[in-house]
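S.K.: Submitted below is the structure of interest, expressed as structure tokens.
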Amino acid sequence: MPEGDTVWLVAHNLDRALAGDVLNRTDFRVPSLATTDLAGRTVIDVMPRGKHLLMRVEGGLTVHSHLRMDGAWHLHRPGARWTGGPDHEVRVVLSTSAWDAIGYRLPVLELVETAHEDSVVGHLGPDLLDPGFDLDEALRRLLRQPDREIGQALLDQTVLAGIGNIYKAESLFLERTSPWTTVGEVEHLPRLVDRARRLLDANKAHSSQATTADPRADHWVYGRGGRPCLRCGGRVATASQGDPPYERVTYWCSACQPGPSPVVAPSYRARPPGRRAPRRT
Ligand SMILES: [Zn+2]
């Protein structure tokens, strides 16, 4: 799933291509917007908010989209061949005289009043890529549930907006913290949040999401289950973390990231020796 840095770059590219220009054709291919026509309106700007995209157009309207797992926005010059997927996956086409912006497979695509953007992004916590990122508010939201595992809390967009599975795993590795440590037990919580913010920031302007400068691998632990830890040579562990339907695979090195680990259930024994079955009542 795209993380905050990917969405930031998509917004940045859409903004550079479209902002200030008039839409000369719009084609919404989702039932709820089938009759919507924004032609004649100027695009004001395109802003990322966590993993959400907000495209403001003249007249107080915002096109809100979210990429989720495999949505994408592509930019093509008029007349160029579109490359983002088959035609039936196109959800919207927004054209200016210079660019066609094509939204593919967008699971969220809706039109809201710009004045009421809060109705779609107001639930989000502080945005790690917002220049005015509010660390104190982020910490306050994290510490509201001190018994929660940090690996889950970092993914909660209502706590912090922008972190996905890659930057969660990599920030925790770099700050030597087990994903199963509870929020209240994390030794340097501000430093951990700042680490995630810096990783996102370092990767926002290009499509790579590297967190190491190591030629052996782009990531310390993410996607490297069972392989040797780049720091200590131990085996990178994987386990599912979180409750359905929000569980995600977590990667960590138990040597470099000491702390709690998932408990492996002992093998089942039908009845402990010497003890009788409970009597039915
Ligand atoms: Zn290690």
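Each chain in the structure tokens gets a letter, A, B, ..., in the order shown, and its residues are numbered from 1; ligands are numbered from 1 in order too.
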Report as a PyMOL selection string all protein, DNA and RNA residues lying within 12 Å of A:Pro31, evaluated on only C-alpha atoms, omitting residues in the same chain fewer than 5 positions from it.
M.R.: chain A and resi 36+91-92+109-110
S.K.: For ligand 1, collect every residue having any atom at a distance of at most 8 Å from a ligand atom (counting only C-alpha atoms and all ligand atoms); output as an NGL selection string.
M.R.: :A and (228-236 or 253-257)
S.K.: At a cut-off of 9 Å, using only C-alpha atoms, what residues contact A:Leu54? Leave out same-chain residues fewer than 4 positions from it and give the result as number ranges by chain.
M.R.: A: 11, 45-49, 62-65, 114, 117
S.K.: Tell me, in Å to one decimal, how far atom CA of A:Leu154 is from atom CA of A:Tyr251.
M.R.: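 Between these atoms lies a distance of 14.0 Å.
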S.K.: Do you have the atom CA of A:Ala138-atom CA of A:His188 distance handy?
M.R.: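 Rounded to one decimal, the two atoms are 13.8 Å apart.
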S.K.: Could you check which of A:Asp130, A:Glu89, A:Asp100, A:Glu149 is closest to A:Lys204, using only C-alpha atoms?
M.R.: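 Once distances to A:Lys204 are computed over only C-alpha atoms, the minimum belongs to A:Asp130.
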S.K.: Please report, as a PyMOL selection string, each residue of stretch 14-233 of chain A to which DSSP assigns strand (DSSP E) when run on this structure's backbone.
M.R.: chain A and resi 25-28+43-49+52-57+61-66+72-76+90-95+100-104+108-113
S.K.: Where in stretch 67-232 of chain A does DSSP assign helix (DSSP H, G or I), given as a ChimeraX atom specification?
M.R.: /A:87-89,114-116,118-121,135-143,150-153,165-174,183-185,189-203
S.K.: Using only C-alpha atoms, which of A:Gly223, A:Gly71, A:Pro262, A:Gly125 sits nearest A:Gln241?
M.R.: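 Closest to A:Gln241, using only C-alpha atoms: A:Pro262.
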S.K.: Quick one, how far is atom CA of A:Ile102 from atom CA of A:Asn165?
M.R.: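 Answer for the atom CA of A:Ile102 to atom CA of A:Asn165 separation: 26.6 Å.
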